[in-house]
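Data from my_file-v5.txt: compact mmCIF, N, CA and C atoms
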```
# COMPACT_ATOMS: atom_id res chain seq x y z
N MET A 1 -64.90 -40.50 84.70
CA MET A 1 -65.64 -41.56 85.33
C MET A 1 -64.67 -42.67 85.72
N ARG A 2 -64.82 -43.18 86.92
CA ARG A 2 -63.97 -44.27 87.39
C ARG A 2 -64.50 -45.60 86.91
N ARG A 3 -63.61 -46.48 86.58
CA ARG A 3 -64.00 -47.84 86.22
C ARG A 3 -63.51 -48.77 87.31
N ILE A 4 -64.34 -49.71 87.65
CA ILE A 4 -63.98 -50.67 88.68
C ILE A 4 -63.47 -51.92 88.00
N ALA A 5 -62.23 -52.25 88.26
CA ALA A 5 -61.65 -53.45 87.67
C ALA A 5 -62.09 -54.65 88.49
N ARG A 6 -62.53 -55.68 87.84
CA ARG A 6 -62.96 -56.90 88.51
C ARG A 6 -61.88 -57.95 88.34
N PRO A 7 -61.24 -58.35 89.43
CA PRO A 7 -60.20 -59.36 89.31
C PRO A 7 -60.78 -60.68 88.84
N SER A 8 -60.01 -61.39 88.05
CA SER A 8 -60.50 -62.69 87.61
C SER A 8 -59.35 -63.68 87.54
N LEU A 9 -59.69 -64.92 87.70
CA LEU A 9 -58.76 -66.02 87.61
C LEU A 9 -59.52 -67.16 86.97
N ALA A 10 -59.04 -67.65 85.86
CA ALA A 10 -59.78 -68.69 85.14
C ALA A 10 -59.86 -69.96 85.98
N VAL A 11 -61.08 -70.41 86.20
CA VAL A 11 -61.35 -71.64 86.93
C VAL A 11 -62.51 -72.33 86.23
N PRO A 12 -62.39 -73.60 85.87
CA PRO A 12 -63.40 -74.25 85.06
C PRO A 12 -64.79 -74.42 85.68
N THR A 13 -64.91 -74.77 86.95
CA THR A 13 -66.23 -75.05 87.50
C THR A 13 -66.34 -74.64 88.95
N LEU A 14 -67.58 -74.52 89.42
CA LEU A 14 -67.82 -74.24 90.83
C LEU A 14 -67.25 -75.35 91.71
N ALA A 15 -67.33 -76.57 91.24
CA ALA A 15 -66.82 -77.69 92.02
C ALA A 15 -65.32 -77.54 92.26
N MET A 16 -64.59 -77.08 91.25
CA MET A 16 -63.16 -76.86 91.43
C MET A 16 -62.90 -75.74 92.43
N LEU A 17 -63.69 -74.66 92.34
CA LEU A 17 -63.53 -73.57 93.29
C LEU A 17 -63.71 -74.07 94.72
N ALA A 18 -64.72 -74.87 94.93
CA ALA A 18 -64.97 -75.40 96.27
C ALA A 18 -63.81 -76.27 96.73
N GLY A 19 -63.23 -77.05 95.85
CA GLY A 19 -62.13 -77.92 96.20
C GLY A 19 -60.84 -77.18 96.47
N LEU A 20 -60.66 -76.01 95.88
CA LEU A 20 -59.42 -75.26 96.03
C LEU A 20 -59.43 -74.30 97.20
N SER A 21 -60.57 -74.08 97.81
CA SER A 21 -60.68 -73.06 98.84
C SER A 21 -59.91 -73.44 100.09
N PRO A 22 -59.10 -72.50 100.63
CA PRO A 22 -58.35 -72.79 101.84
C PRO A 22 -59.20 -72.72 103.10
N ALA A 23 -60.28 -71.95 103.08
CA ALA A 23 -61.11 -71.78 104.26
C ALA A 23 -62.23 -72.81 104.22
N ALA A 24 -62.28 -73.69 105.23
CA ALA A 24 -63.26 -74.76 105.15
C ALA A 24 -64.15 -74.90 106.37
N ALA A 25 -63.87 -74.21 107.45
CA ALA A 25 -64.65 -74.45 108.66
C ALA A 25 -65.45 -73.25 109.12
N GLN A 26 -65.83 -72.37 108.21
CA GLN A 26 -66.62 -71.21 108.61
C GLN A 26 -68.03 -71.64 108.96
N THR A 27 -68.76 -70.69 109.54
CA THR A 27 -70.14 -70.93 109.91
C THR A 27 -71.06 -70.19 108.95
N TYR A 28 -72.19 -70.81 108.61
CA TYR A 28 -73.23 -70.15 107.83
C TYR A 28 -74.54 -70.25 108.61
N SER A 29 -75.27 -69.14 108.68
CA SER A 29 -76.60 -69.18 109.28
C SER A 29 -77.57 -68.49 108.35
N GLY A 30 -78.71 -69.10 108.17
CA GLY A 30 -79.73 -68.57 107.29
C GLY A 30 -80.32 -69.66 106.43
N ALA A 31 -81.20 -69.26 105.52
CA ALA A 31 -81.82 -70.22 104.61
C ALA A 31 -80.76 -70.78 103.67
N PRO A 32 -80.74 -72.09 103.45
CA PRO A 32 -79.72 -72.67 102.58
C PRO A 32 -79.96 -72.33 101.11
N LEU A 33 -78.86 -72.20 100.37
CA LEU A 33 -78.94 -71.98 98.93
C LEU A 33 -78.91 -73.33 98.23
N SER A 34 -79.43 -73.34 97.04
CA SER A 34 -79.39 -74.56 96.24
C SER A 34 -78.67 -74.25 94.94
N PRO A 35 -77.73 -75.05 94.52
CA PRO A 35 -77.23 -76.27 95.14
C PRO A 35 -76.30 -75.97 96.32
N PRO A 36 -76.10 -76.92 97.21
CA PRO A 36 -75.24 -76.71 98.38
C PRO A 36 -73.80 -76.32 98.01
N GLU A 37 -73.32 -76.78 96.84
CA GLU A 37 -71.97 -76.44 96.41
C GLU A 37 -71.83 -74.94 96.19
N LEU A 38 -72.88 -74.30 95.69
CA LEU A 38 -72.87 -72.86 95.47
C LEU A 38 -72.74 -72.13 96.81
N GLN A 39 -73.50 -72.56 97.78
CA GLN A 39 -73.41 -71.95 99.11
C GLN A 39 -72.00 -72.09 99.67
N LYS A 40 -71.40 -73.25 99.52
CA LYS A 40 -70.04 -73.48 100.03
C LYS A 40 -69.04 -72.57 99.35
N VAL A 41 -69.15 -72.41 98.03
CA VAL A 41 -68.24 -71.53 97.29
C VAL A 41 -68.37 -70.10 97.79
N ILE A 42 -69.61 -69.64 97.99
CA ILE A 42 -69.84 -68.27 98.46
C ILE A 42 -69.29 -68.08 99.87
N VAL A 43 -69.61 -68.98 100.77
CA VAL A 43 -69.15 -68.87 102.15
C VAL A 43 -67.62 -68.90 102.20
N ASP A 44 -67.00 -69.80 101.46
CA ASP A 44 -65.54 -69.90 101.45
C ASP A 44 -64.90 -68.63 100.88
N ALA A 45 -65.46 -68.10 99.79
CA ALA A 45 -64.88 -66.91 99.16
C ALA A 45 -65.01 -65.68 100.06
N VAL A 46 -66.16 -65.50 100.68
CA VAL A 46 -66.38 -64.34 101.55
C VAL A 46 -65.51 -64.48 102.81
N ALA A 47 -65.54 -65.64 103.44
CA ALA A 47 -64.74 -65.84 104.66
C ALA A 47 -63.25 -65.69 104.35
N GLY A 48 -62.84 -66.09 103.17
CA GLY A 48 -61.43 -65.98 102.78
C GLY A 48 -60.95 -64.54 102.72
N ARG A 49 -61.85 -63.57 102.65
CA ARG A 49 -61.48 -62.15 102.62
C ARG A 49 -61.36 -61.58 104.03
N MET A 50 -61.73 -62.35 105.04
CA MET A 50 -61.67 -61.89 106.42
C MET A 50 -60.30 -62.22 107.01
N ALA A 51 -59.91 -61.48 108.06
CA ALA A 51 -58.61 -61.69 108.70
C ALA A 51 -58.46 -63.11 109.24
N ASP A 52 -59.53 -63.65 109.84
CA ASP A 52 -59.52 -65.02 110.36
C ASP A 52 -60.66 -65.78 109.69
N ALA A 53 -60.36 -66.41 108.57
CA ALA A 53 -61.39 -67.10 107.78
C ALA A 53 -62.09 -68.20 108.57
N GLU A 54 -61.38 -68.87 109.44
CA GLU A 54 -61.96 -69.96 110.21
C GLU A 54 -63.04 -69.48 111.17
N ALA A 55 -62.90 -68.25 111.69
CA ALA A 55 -63.86 -67.73 112.67
C ALA A 55 -65.01 -66.97 112.03
N ALA A 56 -64.93 -66.69 110.75
CA ALA A 56 -65.95 -65.88 110.08
C ALA A 56 -67.32 -66.55 110.10
N VAL A 57 -68.35 -65.70 110.21
CA VAL A 57 -69.73 -66.18 110.20
C VAL A 57 -70.47 -65.46 109.07
N VAL A 58 -70.84 -66.21 108.04
CA VAL A 58 -71.58 -65.67 106.90
C VAL A 58 -73.06 -65.97 107.14
N SER A 59 -73.92 -64.99 106.84
CA SER A 59 -75.34 -65.22 107.07
C SER A 59 -76.20 -64.52 106.03
N ASP A 60 -77.44 -64.97 105.99
CA ASP A 60 -78.50 -64.33 105.20
C ASP A 60 -78.21 -64.22 103.71
N LEU A 61 -77.72 -65.28 103.10
CA LEU A 61 -77.48 -65.25 101.65
C LEU A 61 -78.80 -65.18 100.90
N ARG A 62 -78.82 -64.32 99.86
CA ARG A 62 -79.99 -64.20 99.00
C ARG A 62 -79.54 -63.66 97.66
N PRO A 63 -80.26 -63.96 96.60
CA PRO A 63 -79.90 -63.44 95.28
C PRO A 63 -79.96 -61.91 95.28
N SER A 64 -79.02 -61.30 94.55
CA SER A 64 -79.01 -59.84 94.43
C SER A 64 -79.73 -59.42 93.15
N LYS A 65 -79.69 -58.13 92.87
CA LYS A 65 -80.30 -57.59 91.67
C LYS A 65 -79.30 -57.53 90.50
N ALA A 66 -78.18 -58.22 90.62
CA ALA A 66 -77.17 -58.22 89.55
C ALA A 66 -77.80 -58.72 88.26
N ARG A 67 -77.55 -58.03 87.17
CA ARG A 67 -78.17 -58.38 85.90
C ARG A 67 -77.79 -59.77 85.41
N SER A 68 -76.61 -60.22 85.77
CA SER A 68 -76.16 -61.54 85.31
C SER A 68 -76.94 -62.68 85.96
N GLY A 69 -77.57 -62.40 87.10
CA GLY A 69 -78.28 -63.45 87.83
C GLY A 69 -77.35 -64.31 88.67
N HIS A 70 -76.06 -63.94 88.74
CA HIS A 70 -75.09 -64.73 89.49
C HIS A 70 -74.58 -63.99 90.73
N GLY A 71 -75.32 -62.97 91.18
CA GLY A 71 -74.91 -62.19 92.33
C GLY A 71 -75.70 -62.56 93.57
N TYR A 72 -75.04 -62.43 94.72
CA TYR A 72 -75.67 -62.75 95.99
C TYR A 72 -75.27 -61.71 97.03
N CYS A 73 -76.22 -61.38 97.90
CA CYS A 73 -76.00 -60.46 99.02
C CYS A 73 -75.99 -61.29 100.31
N GLY A 74 -75.42 -60.71 101.33
CA GLY A 74 -75.43 -61.34 102.64
C GLY A 74 -74.69 -60.47 103.63
N THR A 75 -74.44 -61.03 104.79
CA THR A 75 -73.64 -60.34 105.80
C THR A 75 -72.55 -61.30 106.28
N VAL A 76 -71.47 -60.70 106.77
CA VAL A 76 -70.38 -61.50 107.32
C VAL A 76 -69.89 -60.82 108.59
N ALA A 77 -69.58 -61.63 109.58
CA ALA A 77 -69.02 -61.14 110.84
C ALA A 77 -67.66 -61.80 111.04
N ALA A 78 -66.75 -61.07 111.65
CA ALA A 78 -65.40 -61.60 111.87
C ALA A 78 -65.43 -62.83 112.78
N ALA A 79 -66.41 -62.89 113.67
CA ALA A 79 -66.57 -64.03 114.60
C ALA A 79 -68.00 -64.00 115.11
N ALA A 80 -68.40 -65.07 115.76
CA ALA A 80 -69.75 -65.12 116.34
C ALA A 80 -69.91 -63.96 117.33
N GLY A 81 -71.00 -63.22 117.19
CA GLY A 81 -71.26 -62.10 118.08
C GLY A 81 -70.65 -60.78 117.63
N ALA A 82 -69.78 -60.80 116.63
CA ALA A 82 -69.16 -59.57 116.13
C ALA A 82 -70.16 -58.84 115.23
N PRO A 83 -69.96 -57.54 115.02
CA PRO A 83 -70.86 -56.79 114.13
C PRO A 83 -70.84 -57.37 112.72
N LYS A 84 -72.01 -57.34 112.07
CA LYS A 84 -72.14 -57.88 110.72
C LYS A 84 -71.85 -56.81 109.69
N GLN A 85 -71.15 -57.21 108.63
CA GLN A 85 -70.81 -56.31 107.53
C GLN A 85 -71.52 -56.80 106.28
N PRO A 86 -72.21 -55.92 105.54
CA PRO A 86 -72.88 -56.35 104.31
C PRO A 86 -71.86 -56.64 103.21
N PHE A 87 -72.22 -57.57 102.32
CA PHE A 87 -71.34 -57.88 101.20
C PHE A 87 -72.16 -58.24 99.97
N HIS A 88 -71.48 -58.21 98.82
CA HIS A 88 -72.03 -58.70 97.56
C HIS A 88 -70.95 -59.57 96.93
N ILE A 89 -71.38 -60.65 96.29
CA ILE A 89 -70.45 -61.54 95.59
C ILE A 89 -71.05 -61.91 94.25
N LEU A 90 -70.19 -61.94 93.23
CA LEU A 90 -70.56 -62.45 91.92
C LEU A 90 -69.86 -63.78 91.74
N VAL A 91 -70.61 -64.81 91.42
CA VAL A 91 -70.04 -66.15 91.20
C VAL A 91 -70.42 -66.58 89.79
N GLU A 92 -69.44 -66.62 88.92
CA GLU A 92 -69.69 -67.02 87.53
C GLU A 92 -68.72 -68.11 87.13
N GLU A 93 -69.20 -68.99 86.27
CA GLU A 93 -68.34 -70.06 85.76
C GLU A 93 -67.12 -69.46 85.06
N GLY A 94 -65.96 -70.02 85.30
CA GLY A 94 -64.76 -69.59 84.61
C GLY A 94 -64.13 -68.33 85.16
N ALA A 95 -64.59 -67.85 86.30
CA ALA A 95 -64.02 -66.64 86.89
C ALA A 95 -63.93 -66.77 88.41
N ASP A 96 -62.96 -66.12 88.97
CA ASP A 96 -62.81 -66.07 90.41
C ASP A 96 -63.97 -65.26 90.99
N PRO A 97 -64.54 -65.65 92.12
CA PRO A 97 -65.63 -64.86 92.70
C PRO A 97 -65.17 -63.44 93.01
N ALA A 98 -65.99 -62.47 92.67
CA ALA A 98 -65.71 -61.06 92.97
C ALA A 98 -66.49 -60.68 94.22
N VAL A 99 -65.79 -60.29 95.28
CA VAL A 99 -66.41 -60.02 96.57
C VAL A 99 -66.20 -58.56 96.96
N LEU A 100 -67.28 -57.91 97.39
CA LEU A 100 -67.20 -56.56 97.94
C LEU A 100 -67.80 -56.61 99.33
N ILE A 101 -66.98 -56.35 100.35
CA ILE A 101 -67.42 -56.32 101.74
C ILE A 101 -67.31 -54.87 102.21
N LEU A 102 -68.40 -54.33 102.77
CA LEU A 102 -68.38 -52.97 103.29
C LEU A 102 -67.93 -53.02 104.74
N PRO A 103 -66.72 -52.53 105.04
CA PRO A 103 -66.23 -52.59 106.42
C PRO A 103 -67.01 -51.62 107.31
N GLU A 104 -66.89 -51.81 108.62
CA GLU A 104 -67.59 -50.94 109.57
C GLU A 104 -67.16 -49.49 109.40
N THR A 105 -65.88 -49.28 109.20
CA THR A 105 -65.34 -47.94 109.01
C THR A 105 -64.33 -47.96 107.86
N GLY A 106 -64.13 -46.82 107.27
CA GLY A 106 -63.13 -46.71 106.22
C GLY A 106 -63.65 -47.22 104.88
N ASP A 107 -62.75 -47.23 103.93
CA ASP A 107 -63.08 -47.65 102.57
C ASP A 107 -62.77 -49.13 102.36
N PRO A 108 -63.60 -49.82 101.56
CA PRO A 108 -63.22 -51.17 101.17
C PRO A 108 -62.03 -51.08 100.21
N LEU A 109 -61.32 -52.16 100.07
CA LEU A 109 -60.12 -52.19 99.24
C LEU A 109 -60.41 -51.73 97.82
N GLY A 110 -59.75 -50.65 97.38
CA GLY A 110 -59.82 -50.20 96.01
C GLY A 110 -61.05 -49.41 95.61
N LEU A 111 -61.88 -49.01 96.57
CA LEU A 111 -63.13 -48.33 96.22
C LEU A 111 -63.52 -47.36 97.34
N PRO A 112 -63.85 -46.11 97.01
CA PRO A 112 -64.31 -45.19 98.06
C PRO A 112 -65.59 -45.70 98.71
N ARG A 113 -65.74 -45.46 99.99
CA ARG A 113 -66.88 -45.96 100.75
C ARG A 113 -68.22 -45.53 100.14
N ALA A 114 -68.32 -44.27 99.71
CA ALA A 114 -69.57 -43.78 99.12
C ALA A 114 -69.94 -44.59 97.88
N ASP A 115 -68.96 -44.92 97.05
CA ASP A 115 -69.23 -45.71 95.84
C ASP A 115 -69.63 -47.14 96.20
N ALA A 116 -68.95 -47.72 97.18
CA ALA A 116 -69.28 -49.08 97.61
C ALA A 116 -70.69 -49.14 98.19
N THR A 117 -71.05 -48.13 98.98
CA THR A 117 -72.39 -48.09 99.56
C THR A 117 -73.45 -47.98 98.47
N ARG A 118 -73.22 -47.09 97.50
CA ARG A 118 -74.17 -46.93 96.40
C ARG A 118 -74.31 -48.23 95.61
N LEU A 119 -73.21 -48.89 95.36
CA LEU A 119 -73.24 -50.17 94.64
C LEU A 119 -74.05 -51.22 95.41
N LEU A 120 -73.83 -51.31 96.71
CA LEU A 120 -74.57 -52.28 97.52
C LEU A 120 -76.06 -51.94 97.59
N ILE A 121 -76.39 -50.68 97.59
CA ILE A 121 -77.80 -50.27 97.56
C ILE A 121 -78.43 -50.67 96.22
N ASN A 122 -77.75 -50.35 95.13
CA ASN A 122 -78.26 -50.68 93.80
C ASN A 122 -78.43 -52.18 93.58
N LEU A 123 -77.59 -52.97 94.21
CA LEU A 123 -77.66 -54.43 94.07
C LEU A 123 -78.67 -55.06 95.04
N GLY A 124 -79.26 -54.23 95.89
CA GLY A 124 -80.26 -54.74 96.83
C GLY A 124 -79.68 -55.32 98.11
N CYS A 125 -78.42 -55.04 98.38
CA CYS A 125 -77.78 -55.58 99.58
C CYS A 125 -77.95 -54.66 100.79
N LEU A 126 -78.26 -53.39 100.54
CA LEU A 126 -78.52 -52.43 101.61
C LEU A 126 -79.84 -51.74 101.31
N PRO A 127 -80.57 -51.34 102.36
CA PRO A 127 -81.84 -50.64 102.14
C PRO A 127 -81.63 -49.22 101.62
```

structure tokens encoding of this file:
Amino acid sequence: MRRIARPSLAVPTLAMLAGLSPAAAQTYSGAPLSPPELQKVIVDAVAGRMADAEAAVVSDLRPSKARSGHGYCGTVAAAAGAPKQPFHILVEEGADPAVLILPETGDPLGLPRADATRLLINLGCLP
């Protein structure tokens, strides 16, 4: 059985994560999350995984079925009008956000596509 390693970096609070993020001008469309700082952390973390973080468009954030209650699903596009890619993110205090983006083709980094798809289905990010 394969184990998926979750990268982590100790960070004290969501507020610090938001302040440290290099990507700051991405676009978000959809219903806003509460608190707004959480939405900013998620958008910055997901956009930061894209080739051009400034042009990324994150949309449709919603809570996932993650048992911890700290998971969120959504879609991200490389730019306005580009195809949307589904993603899942875990945001927990004291840890770096863990992001899984399903690319249009090929495998996501470190995980076979079939496993990533099954994970996104189980988390409620894909039908």

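Here the DSSP assignment of alpha helix (DSSP H), based on backbone atoms, applies within stretch 11-119 of chain A to Leu14, Ala15, Met16, Leu17, Ala18, Gly19, Leu20, Pro36, Glu37, Leu38, Gln39, Lys40, Val41, Ile42, Val43, Asp44, Ala45, Val46, Ala47, Arg113, Ala114, Asp115, Ala116, Thr117, Arg118 and Leu119 of chain A.
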
Long-range neighbours of A:Val99 as a PDB file with N, CA and C atoms, in the frame of the given file, 8 Å cut-off, only C-alpha atoms, 4 positions minimum in chain:
```
ATOM      1  N   ALA A  45     -65.460 -68.100  99.790  1.00  0.00           N
ATOM      2  CA  ALA A  45     -64.880 -66.910  99.160  1.00  0.00           C
ATOM      3  C   ALA A  45     -65.010 -65.680 100.060  1.00  0.00           C
ATOM      4  N   VAL A  46     -66.160 -65.500 100.680  1.00  0.00           N
ATOM      5  CA  VAL A  46     -66.380 -64.340 101.550  1.00  0.00           C
ATOM      6  C   VAL A  46     -65.510 -64.480 102.810  1.00  0.00           C
ATOM      7  N   PHE A  87     -72.220 -57.570 102.320  1.00  0.00           N
ATOM      8  CA  PHE A  87     -71.340 -57.880 101.200  1.00  0.00           C
ATOM      9  C   PHE A  87     -72.160 -58.240  99.970  1.00  0.00           C
ATOM     10  N   HIS A  88     -71.480 -58.210  98.820  1.00  0.00           N
ATOM     11  CA  HIS A  88     -72.030 -58.700  97.560  1.00  0.00           C
ATOM     12  C   HIS A  88     -70.950 -59.570  96.930  1.00  0.00           C
ATOM     13  N   ILE A  89     -71.380 -60.650  96.290  1.00  0.00           N
ATOM     14  CA  ILE A  89     -70.450 -61.540  95.590  1.00  0.00           C
ATOM     15  C   ILE A  89     -71.050 -61.910  94.250  1.00  0.00           C
ATOM     16  N   LEU A  90     -70.190 -61.940  93.230  1.00  0.00           N
ATOM     17  CA  LEU A  90     -70.560 -62.450  91.920  1.00  0.00           C
ATOM     18  C   LEU A  90     -69.860 -63.780  91.740  1.00  0.00           C
TER      19      LEU A  90
END
```

Coordinates-based distance that separates atom N of A:Ala55 from atom C of A:Leu119 (Å, one decimal) | 26.1 Å

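Considering the residues A:Leu38, A:Glu54, A:Arg62, A:Leu120 and counting all atoms listed in the file, A:Pro86 has its shortest atom-to-atom contact with A:Leu120.
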
Pairwise distance for atom CA of A:Ala56 and atom CA of A:Thr27, rounded to one decimal in Å =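 Here the two named atoms are 6.6 Å from each other.
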
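Every residue of chain A found in strand (DSSP E) when DSSP is run on the backbone appears here: Thr27, Tyr28, Ser29, Val57, Val58, Ser59, Asp60, Leu61, Arg62, Pro63, Gly71, Tyr72, Cys73, Gly74, Thr75, Val76, Ala77, Lys84, Gln85, Pro86, Phe87, His88, Ile89, Leu90, Ala98, Val99, Leu100 and Ile101 of chain A.
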
Produce a file of the selected residues containing N, CA and C atoms, as a tab-separated table (two decimals), in the frame of the given file.
```tsv
chain	number	residue	atom	x	y	z
A	27	THR	N	-68.76	-70.69	109.54
A	27	THR	CA	-70.14	-70.93	109.91
A	27	THR	C	-71.06	-70.19	108.95
A	28	TYR	N	-72.19	-70.81	108.61
A	28	TYR	CA	-73.23	-70.15	107.83
A	28	TYR	C	-74.54	-70.25	108.61
A	29	SER	N	-75.27	-69.14	108.68
A	29	SER	CA	-76.60	-69.18	109.28
A	29	SER	C	-77.57	-68.49	108.35
A	57	VAL	N	-68.35	-65.70	110.21
A	57	VAL	CA	-69.73	-66.18	110.20
A	57	VAL	C	-70.47	-65.46	109.07
A	58	VAL	N	-70.84	-66.21	108.04
A	58	VAL	CA	-71.58	-65.67	106.90
A	58	VAL	C	-73.06	-65.97	107.14
A	59	SER	N	-73.92	-64.99	106.84
A	59	SER	CA	-75.34	-65.22	107.07
A	59	SER	C	-76.20	-64.52	106.03
A	60	ASP	N	-77.44	-64.97	105.99
A	60	ASP	CA	-78.50	-64.33	105.20
A	60	ASP	C	-78.21	-64.22	103.71
A	61	LEU	N	-77.72	-65.28	103.10
A	61	LEU	CA	-77.48	-65.25	101.65
A	61	LEU	C	-78.80	-65.18	100.90
A	62	ARG	N	-78.82	-64.32	99.86
A	62	ARG	CA	-79.99	-64.20	99.00
A	62	ARG	C	-79.54	-63.66	97.66
A	63	PRO	N	-80.26	-63.96	96.60
A	63	PRO	CA	-79.90	-63.44	95.28
A	63	PRO	C	-79.96	-61.91	95.28
A	71	GLY	N	-75.32	-62.97	91.18
A	71	GLY	CA	-74.91	-62.19	92.33
A	71	GLY	C	-75.70	-62.56	93.57
A	72	TYR	N	-75.04	-62.43	94.72
A	72	TYR	CA	-75.67	-62.75	95.99
A	72	TYR	C	-75.27	-61.71	97.03
A	73	CYS	N	-76.22	-61.38	97.90
A	73	CYS	CA	-76.00	-60.46	99.02
A	73	CYS	C	-75.99	-61.29	100.31
A	74	GLY	N	-75.42	-60.71	101.33
A	74	GLY	CA	-75.43	-61.34	102.64
A	74	GLY	C	-74.69	-60.47	103.63
A	75	THR	N	-74.44	-61.03	104.79
A	75	THR	CA	-73.64	-60.34	105.80
A	75	THR	C	-72.55	-61.30	106.28
A	76	VAL	N	-71.47	-60.70	106.77
A	76	VAL	CA	-70.38	-61.50	107.32
A	76	VAL	C	-69.89	-60.82	108.59
A	77	ALA	N	-69.58	-61.63	109.58
A	77	ALA	CA	-69.02	-61.14	110.84
A	77	ALA	C	-67.66	-61.80	111.04
A	84	LYS	N	-72.01	-57.34	112.07
A	84	LYS	CA	-72.14	-57.88	110.72
A	84	LYS	C	-71.85	-56.81	109.69
A	85	GLN	N	-71.15	-57.21	108.63
A	85	GLN	CA	-70.81	-56.31	107.53
A	85	GLN	C	-71.52	-56.80	106.28
A	86	PRO	N	-72.21	-55.92	105.54
A	86	PRO	CA	-72.88	-56.35	104.31
A	86	PRO	C	-71.86	-56.64	103.21
A	87	PHE	N	-72.22	-57.57	102.32
A	87	PHE	CA	-71.34	-57.88	101.20
A	87	PHE	C	-72.16	-58.24	99.97
A	88	HIS	N	-71.48	-58.21	98.82
A	88	HIS	CA	-72.03	-58.70	97.56
A	88	HIS	C	-70.95	-59.57	96.93
A	89	ILE	N	-71.38	-60.65	96.29
A	89	ILE	CA	-70.45	-61.54	95.59
A	89	ILE	C	-71.05	-61.91	94.25
A	90	LEU	N	-70.19	-61.94	93.23
A	90	LEU	CA	-70.56	-62.45	91.92
A	90	LEU	C	-69.86	-63.78	91.74
A	98	ALA	N	-65.99	-62.47	92.67
A	98	ALA	CA	-65.71	-61.06	92.97
A	98	ALA	C	-66.49	-60.68	94.22
A	99	VAL	N	-65.79	-60.29	95.28
A	99	VAL	CA	-66.41	-60.02	96.57
A	99	VAL	C	-66.20	-58.56	96.96
A	100	LEU	N	-67.28	-57.91	97.39
A	100	LEU	CA	-67.20	-56.56	97.94
A	100	LEU	C	-67.80	-56.61	99.33
A	101	ILE	N	-66.98	-56.35	100.35
A	101	ILE	CA	-67.42	-56.32	101.74
A	101	ILE	C	-67.31	-54.87	102.21
```

Take atom CA of A:Ala51 and atom CA of A:Gly69 and report the distance between them in Å, one decimal.
->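 Interatomic distance, atom CA of A:Ala51 to atom CA of A:Gly69: 28.7 Å.
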
For A:Ser29, which residue out of A:Ala80, A:Ala95, A:Ala53, A:Cys125 is the nearest one, using only C-alpha atoms?
->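 Distance minimum relative to A:Ser29 lands on A:Ala80.
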
Quick one: of A:Ala82, A:Ile101, A:Val58, A:Leu123, who's nearest to A:His70, counting only C-alpha atoms?
->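 Under the stated criterion, the closest residue is A:Leu123.
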
Using only C-alpha atoms, which of the listed residues (A:Val91, A:Ala31, A:Val57, A:Ala78) sits closest to A:Pro103?
->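 The shortest atom-to-atom distance to A:Pro103 comes from A:Ala78.
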
Got a sec: who's within 10 Å of A:Glu104, counting only C-alpha atoms, leaving out chain neighbours fewer than 3 positions off, as a ChimeraX atom specification?
-> /A:83-86,101,107-108
